[in-house]
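These notes are about the structure you will find just below.
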Amino acid sequence: MADEVKITNEKSVKNSNNSHLSKKDINRAWFRWWLLAETSNNFERMQGVSWAAAIGPTLKKLYKDPDELKDALKRNTVFFNTEGIWGGLIMGSTIALEEQKSKNPEMDGELITSYKTGLMGPVAGLGDTIDWSTFYTLVLAGASAVAATGSWLAALIVAAAGIAMYFEGLFFTRIGYSQA
């Protein structure tokens, strides 16, 4: 695939058209999404505003024309709702699609919106089931057992699970970007 994008240990991630986003850009987009995913929930757009805030600086780097940037931001504030950690898959692949659109203005922006909308439900189902209903429940059960003995290590168990889930989301974001 000529436009395949891979994340490497290099400072920049480049494709055949010489456009690039740094690994830092991808990591920062994930970090912003991780911080903001649940902060702007509302009944009109759910996480749409948080999504746009997380991806906004990356879009600004991709779209130099103010009108194109405005369209991209509008496209990324539409209704969106998924599980935050696994939503990294959608974050990474959306960044890759936006990068393709920035190089090919003929590409229909509705494709990106449809892609996100199509994935948000299935990804939420997987993330909620695997991370929150299974993994985190087991972590809390184990931490509760440790806390019942009076040990302060219970707090470390819960914190370690949160840290692990952060890196899980970062991994998903990188995979989404490199495989889109």
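Ordering of the structure tokens sets the chain letters (A, B, ...), residue numbers begin anew at 1 in every chain, and ligands are numbered from 1 in the order given.
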Checklist entry - Leaving out segment 61-68 of chain A and any residue of its chain fewer than 5 positions from it, which residues lie within 12 Å of it when counting only C-alpha atoms, given as a VMD selection string? => result chain A and resid 19 to 22 25 to 26 29 55 to 56 73 to 75 95 to 106 109
Written selection (N, CA and C atoms) as a CSV table (one decimal), in the first residue's frame:
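Heads up, here's the output in out-v9.csv:
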```
chain,number,residue,atom,x,y,z
A,19,SER,N,4.1,13.8,3.7
A,19,SER,CA,3.4,14.5,4.7
A,19,SER,C,3.7,13.7,6.0
A,20,HIS,N,3.7,14.4,7.1
A,20,HIS,CA,4.1,13.6,8.3
A,20,HIS,C,3.4,14.3,9.6
A,21,LEU,N,3.2,13.4,10.5
A,21,LEU,CA,2.8,13.8,11.9
A,21,LEU,C,3.8,13.1,12.7
A,22,SER,N,4.3,13.7,13.8
A,22,SER,CA,5.2,13.1,14.6
A,22,SER,C,4.5,12.1,15.6
A,25,ASP,N,2.7,14.0,18.1
A,25,ASP,CA,1.4,14.5,17.7
A,25,ASP,C,0.3,13.4,18.0
A,26,ILE,N,0.6,12.2,17.7
A,26,ILE,CA,-0.3,11.1,17.9
A,26,ILE,C,-0.5,10.9,19.4
A,29,ALA,N,-2.5,13.7,21.0
A,29,ALA,CA,-4.0,13.6,20.7
A,29,ALA,C,-4.6,12.5,21.6
A,55,ILE,N,-8.6,16.3,19.1
A,55,ILE,CA,-8.0,16.1,17.8
A,55,ILE,C,-7.7,17.5,17.1
A,56,GLY,N,-8.2,18.6,17.7
A,56,GLY,CA,-8.0,19.9,17.1
A,56,GLY,C,-6.6,20.3,16.8
A,73,LEU,N,-12.9,20.7,11.8
A,73,LEU,CA,-13.4,20.9,13.2
A,73,LEU,C,-14.9,20.6,13.3
A,74,LYS,N,-15.7,21.2,12.3
A,74,LYS,CA,-17.1,20.9,12.3
A,74,LYS,C,-17.4,19.4,12.2
A,75,ARG,N,-16.6,18.8,11.3
A,75,ARG,CA,-16.8,17.4,11.1
A,75,ARG,C,-16.6,16.6,12.3
A,95,ILE,N,-7.4,10.3,12.7
A,95,ILE,CA,-6.3,11.1,12.4
A,95,ILE,C,-5.7,10.7,11.1
A,96,ALA,N,-5.5,9.4,10.8
A,96,ALA,CA,-5.0,9.0,9.5
A,96,ALA,C,-5.9,9.4,8.4
A,97,LEU,N,-7.2,9.2,8.6
A,97,LEU,CA,-8.1,9.6,7.5
A,97,LEU,C,-8.1,11.2,7.3
A,98,GLU,N,-8.0,11.9,8.3
A,98,GLU,CA,-7.9,13.4,8.2
A,98,GLU,C,-6.6,13.7,7.5
A,99,GLU,N,-5.5,13.0,7.8
A,99,GLU,CA,-4.3,13.3,7.1
A,99,GLU,C,-4.4,13.0,5.6
A,100,GLN,N,-5.1,11.9,5.2
A,100,GLN,CA,-5.3,11.6,3.8
A,100,GLN,C,-6.2,12.7,3.2
A,101,LYS,N,-7.2,13.2,3.9
A,101,LYS,CA,-8.1,14.2,3.4
A,101,LYS,C,-7.3,15.5,3.2
A,102,SER,N,-6.4,15.8,4.1
A,102,SER,CA,-5.6,17.0,4.0
A,102,SER,C,-4.7,17.0,2.7
A,103,LYS,N,-4.3,15.8,2.3
A,103,LYS,CA,-3.5,15.7,1.1
A,103,LYS,C,-4.4,15.6,-0.2
A,104,ASN,N,-5.6,15.2,0.0
A,104,ASN,CA,-6.5,15.0,-1.1
A,104,ASN,C,-7.9,15.7,-0.8
A,105,PRO,N,-8.0,17.0,-1.1
A,105,PRO,CA,-9.2,17.7,-0.8
A,105,PRO,C,-10.4,17.2,-1.5
A,106,GLU,N,-10.2,16.4,-2.5
A,106,GLU,CA,-11.4,15.8,-3.3
A,106,GLU,C,-12.1,14.7,-2.4
A,109,GLY,N,-15.4,14.5,3.1
A,109,GLY,CA,-15.3,14.5,4.5
A,109,GLY,C,-16.4,13.6,5.2
```
Once DSSP has gone over the backbone, tell me which residues of segment 103-176 of chain A are in alpha helix (DSSP H), as a JSON list (two decimals) with C-alpha atoms, in the first residue's frame.
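Output below, filename result04.json:
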```
[["chain", "number", "residue", "atom", "x", "y", "z"],
["A", 103, "LYS", "CA", -3.51, 15.71, 1.07],
["A", 109, "GLY", "CA", -15.34, 14.49, 4.51],
["A", 110, "GLU", "CA", -18.56, 12.57, 5.08],
["A", 111, "LEU", "CA", -16.48, 9.38, 4.76],
["A", 112, "ILE", "CA", -14.63, 10.31, 7.95],
["A", 113, "THR", "CA", -17.84, 11.11, 9.81],
["A", 114, "SER", "CA", -19.47, 7.86, 8.64],
["A", 115, "TYR", "CA", -16.38, 5.89, 9.62],
["A", 116, "LYS", "CA", -16.39, 7.30, 13.16],
["A", 117, "THR", "CA", -20.14, 6.86, 13.52],
["A", 118, "GLY", "CA", -19.98, 3.28, 12.29],
["A", 119, "LEU", "CA", -17.27, 2.29, 14.75],
["A", 120, "MET", "CA", -18.38, 4.10, 17.88],
["A", 121, "GLY", "CA", -21.02, 1.53, 18.92],
["A", 122, "PRO", "CA", -19.04, -1.68, 18.35],
["A", 123, "VAL", "CA", -15.90, -0.22, 19.93],
["A", 124, "ALA", "CA", -17.93, 0.98, 22.94],
["A", 125, "GLY", "CA", -19.40, -2.51, 23.30],
["A", 126, "LEU", "CA", -15.97, -4.11, 23.32],
["A", 127, "GLY", "CA", -14.36, -1.54, 25.61],
["A", 136, "TYR", "CA", -11.82, -3.37, 36.20],
["A", 137, "THR", "CA", -14.41, -5.36, 38.14],
["A", 138, "LEU", "CA", -11.79, -8.05, 38.82],
["A", 139, "VAL", "CA", -9.25, -5.40, 39.80],
["A", 140, "LEU", "CA", -11.70, -3.82, 42.24],
["A", 141, "ALA", "CA", -12.61, -7.22, 43.69],
["A", 142, "GLY", "CA", -8.94, -8.01, 44.25],
["A", 143, "ALA", "CA", -8.25, -4.55, 45.66],
["A", 144, "SER", "CA", -11.25, -4.90, 47.99],
["A", 145, "ALA", "CA", -9.88, -8.16, 49.32],
["A", 146, "VAL", "CA", -6.52, -6.52, 49.94],
["A", 147, "ALA", "CA", -8.19, -3.47, 51.54],
["A", 148, "ALA", "CA", -10.18, -5.75, 53.85],
["A", 153, "LEU", "CA", -1.60, -1.62, 48.71],
["A", 154, "ALA", "CA", -5.23, -1.79, 47.57],
["A", 155, "ALA", "CA", -4.94, 1.81, 46.36],
["A", 156, "LEU", "CA", -1.82, 0.92, 44.37],
["A", 157, "ILE", "CA", -3.64, -1.96, 42.68],
["A", 158, "VAL", "CA", -6.40, 0.36, 41.49],
["A", 159, "ALA", "CA", -3.89, 3.02, 40.39],
["A", 160, "ALA", "CA", -1.83, 0.42, 38.50],
["A", 161, "ALA", "CA", -4.95, -0.72, 36.66],
["A", 162, "GLY", "CA", -5.68, 2.87, 35.65],
["A", 163, "ILE", "CA", -2.13, 3.33, 34.39],
["A", 164, "ALA", "CA", -2.33, 0.06, 32.46],
["A", 165, "MET", "CA", -5.57, 1.18, 30.83],
["A", 166, "TYR", "CA", -3.99, 4.50, 29.84],
["A", 167, "PHE", "CA", -1.22, 2.66, 27.99],
["A", 168, "GLU", "CA", -3.78, 0.28, 26.49],
["A", 169, "GLY", "CA", -5.52, 3.30, 24.95],
["A", 170, "LEU", "CA", -2.23, 4.75, 23.71],
["A", 171, "PHE", "CA", -1.46, 1.40, 22.07],
["A", 172, "PHE", "CA", -4.89, 1.37, 20.41],
["A", 173, "THR", "CA", -4.41, 4.94, 19.15],
["A", 174, "ARG", "CA", -1.07, 4.06, 17.58],
["A", 175, "ILE", "CA", -2.50, 0.90, 16.03],
["A", 176, "GLY", "CA", -5.49, 2.81, 14.67]]
```
Checklist entry - Using only C-alpha atoms, which of A:Thr77, A:Gln179, A:Thr134, A:Thr82 sits nearest Gly48 of chain A? => result A:Thr77
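All residues in chain A with a DSSP state of strand (DSSP E or B), computed from the backbone, read A:Ser12, A:Val13, A:Lys14, A:His20, A:Leu21, A:Ser22, A:Met46, A:Phe80.
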Item to check | For Phe31 of chain A, the nearest of the candidates A:Val49, A:Leu59, A:Met91, A:Leu69, counting only C-alpha atoms | outcome: A:Met91
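Distance annotation: of A:Ala180, A:Ile90, A:Met46, A:Ile85, the residue with the minimal separation from Trp34 of chain A is A:Ile85; atom set is only C-alpha atoms.
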Checklist entry - Interatomic distance between atom CA of Trp86 of chain A and atom CA of Ser50 of chain A? => result 15.3 Å
